[in-house]
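The file model22.pdb contains PDB, C-alpha atoms, pLDDT in the B column:
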```pdb
ATOM      1  CA  MET I  16       4.118   2.142 -12.450  1.00 91.00           C
ATOM      2  CA  ALA I  17       2.130   0.289 -15.127  1.00 93.00           C
ATOM      3  CA  ARG I  18       1.620   3.462 -17.115  1.00 93.00           C
ATOM      4  CA  ARG I  19       5.301   4.390 -16.823  1.00 93.00           C
ATOM      5  CA  LEU I  20       6.056   0.962 -18.315  1.00 93.00           C
ATOM      6  CA  ASP I  21       3.522   1.589 -21.097  1.00 92.00           C
ATOM      7  CA  LYS I  22       1.333  -1.276 -19.816  1.00 92.00           C
ATOM      8  CA  SER I  23      -2.264  -1.306 -18.703  1.00 95.00           C
ATOM      9  CA  PRO I  24      -2.734  -1.454 -14.930  1.00 94.00           C
ATOM     10  CA  GLN I  25      -4.688  -4.702 -15.392  1.00 95.00           C
ATOM     11  CA  ALA I  26      -1.902  -6.387 -17.375  1.00 93.00           C
ATOM     12  CA  PHE I  27       0.748  -5.260 -14.891  1.00 94.00           C
ATOM     13  CA  ASN I  28      -1.363  -6.411 -11.944  1.00 94.00           C
ATOM     14  CA  GLN I  29      -1.720  -9.857 -13.541  1.00 94.00           C
ATOM     15  CA  LYS I  30       2.064 -10.104 -13.911  1.00 93.00           C
ATOM     16  CA  ILE I  31       2.444  -9.248 -10.236  1.00 93.00           C
ATOM     17  CA  LYS I  32      -0.179 -11.827  -9.194  1.00 95.00           C
ATOM     18  CA  ARG I  33       1.410 -14.557 -11.324  1.00 95.00           C
ATOM     19  CA  GLY I  34       4.955 -13.514 -10.448  1.00 92.00           C
ATOM     20  CA  VAL I  35       5.888 -13.893 -14.104  1.00 90.00           C
ATOM     21  CA  PHE I  36       8.435 -11.275 -15.131  1.00 92.00           C
ATOM     22  CA  THR I  37      10.981 -11.571 -17.908  1.00 91.00           C
ATOM     23  CA  LEU I  38      14.479 -10.185 -17.530  1.00 89.00           C
ATOM     24  CA  ASP I  39      13.403  -7.400 -19.893  1.00 91.00           C
ATOM     25  CA  ASP I  40      10.466  -6.601 -17.579  1.00 93.00           C
ATOM     26  CA  LEU I  41      12.815  -6.378 -14.612  1.00 93.00           C
ATOM     27  CA  TYR I  42      15.278  -4.139 -16.472  1.00 92.00           C
ATOM     28  CA  ASP I  43      12.378  -1.870 -17.499  1.00 94.00           C
ATOM     29  CA  ILE I  44      11.059  -1.678 -13.929  1.00 95.00           C
ATOM     30  CA  ALA I  45      14.536  -0.744 -12.721  1.00 94.00           C
ATOM     31  CA  LEU I  46      14.811   1.919 -15.397  1.00 94.00           C
ATOM     32  CA  VAL I  47      11.525   3.653 -14.550  1.00 95.00           C
ATOM     33  CA  THR I  48      12.231   3.502 -10.806  1.00 95.00           C
ATOM     34  CA  GLY I  49      15.757   4.875 -11.110  1.00 95.00           C
ATOM     35  CA  CYS I  50      17.355   1.629  -9.971  1.00 94.00           C
ATOM     36  CA  ARG I  51      19.866  -0.732 -11.496  1.00 91.00           C
ATOM     37  CA  PHE I  52      18.832  -4.349 -11.985  1.00 91.00           C
ATOM     38  CA  GLU I  53      21.506  -6.980 -11.512  1.00 89.00           C
ATOM     39  CA  SER I  54      21.123 -10.718 -11.982  1.00 90.00           C
ATOM     40  CA  ALA I  55      23.651 -13.434 -11.285  1.00 91.00           C
ATOM     41  CA  PHE I  56      24.176 -17.002 -10.246  1.00 94.00           C
ATOM     42  CA  VAL I  57      26.181 -17.167  -7.033  1.00 94.00           C
ATOM     43  CA  LEU I  58      28.145 -20.391  -6.679  1.00 96.00           C
ATOM     44  CA  PRO I  59      28.681 -22.070  -3.293  1.00 96.00           C
ATOM     45  CA  ASP I  60      32.237 -20.701  -3.179  1.00 97.00           C
ATOM     46  CA  GLY I  61      30.884 -17.158  -3.597  1.00 95.00           C
ATOM     47  CA  GLU I  62      31.881 -16.738  -7.241  1.00 96.00           C
ATOM     48  CA  LYS I  63      29.329 -14.684  -9.195  1.00 94.00           C
ATOM     49  CA  ILE I  64      28.293 -15.384 -12.772  1.00 93.00           C
ATOM     50  CA  GLU I  65      26.506 -12.359 -14.156  1.00 89.00           C
ATOM     51  CA  ILE I  66      23.475 -12.911 -16.364  1.00 83.00           C
ATOM     52  CA  GLY I  67      22.775 -10.529 -19.186  1.00 70.00           C
ATOM     53  CA  GLY I  68      24.181  -7.093 -18.824  1.00 61.00           C
ATOM     54  CA  ASP I  69      23.245  -3.461 -18.542  1.00 59.00           C
ATOM     55  CA  ARG I  70      20.823  -2.307 -21.146  1.00 62.00           C
TER      56      ARG I  70
END
```
Render the structure in this file as structure tokens.
Amino acid sequence: MARRLDKSPQAFNQKIKRGVFTLDDLYDIALVTGCRFESAFVLPDGEKIEIGGDR
């Protein structure tokens, strides 16, 4: 996966260990895995506030 993201395996492994991913990282991971990344705040009443958008 690291190479598909144009990252070194070491750098990608460090991100995984630290759990530090930007929204851009998550969108890129979704893209190379054929998934769609969605992010939102979900309020107690169930209302969703989408963050960002499709890239």
| request: Rank nothing, just name the residue among I:Pro59, I:Glu53, I:Leu20, I:Ala26 nearest to Leu38 in chain I, using all atoms listed in the file. | output: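 For Leu38 in chain I, the nearest of the candidates is I:Glu53.
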| query | If we count only C-alpha atoms, what is near Lys22 in chain I at a cut-off of 12 Å, once residues fewer than 6 positions away on the same chain are taken out, given as JSON, numbers by chain? | reply | {"I": [16, 28, 29, 30, 40, 43, 44]}
| message | Between I:Ala17, I:Ile66, I:Val57, I:Cys50, which residue has the minimum interatomic distance to Ile31 in chain I, considering all atoms listed in the file? | response | I:Ala17
| For CA of Lys32 in chain I and CA of Phe52 in chain I, the interatomic separation in Å (one decimal) |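 Answer for the CA of Lys32 in chain I to CA of Phe52 in chain I separation: 20.6 Å.
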| Between CA of Gly67 in chain I and CA of Ser54 in chain I, what is the distance, to one decimal in Å? |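 Interatomic distance here is 7.4 Å.
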| request: Using CA of Ala45 in chain I and CA of Arg19 in chain I as the two end points, give the distance in Å to one decimal. | output: 11.3 Å
| field | Counting only C-alpha atoms, the residue of I:Val35, I:Ile64, I:Arg18, I:Gln25 that sits nearest Val47 in chain I | value | I:Arg18
If you take every atom of range 39-52 of chain I that the file lists and fit an axis-aligned box around them with 6 Å extra on each side, what centre and edge lengths come out in Å to one decimal, as lines of an AutoDock Vina configuration file?
```
center_x = 15.2
center_y = -1.3
center_z = -14.9
size_x = 21.4
size_y = 24.3
size_z = 21.9
```
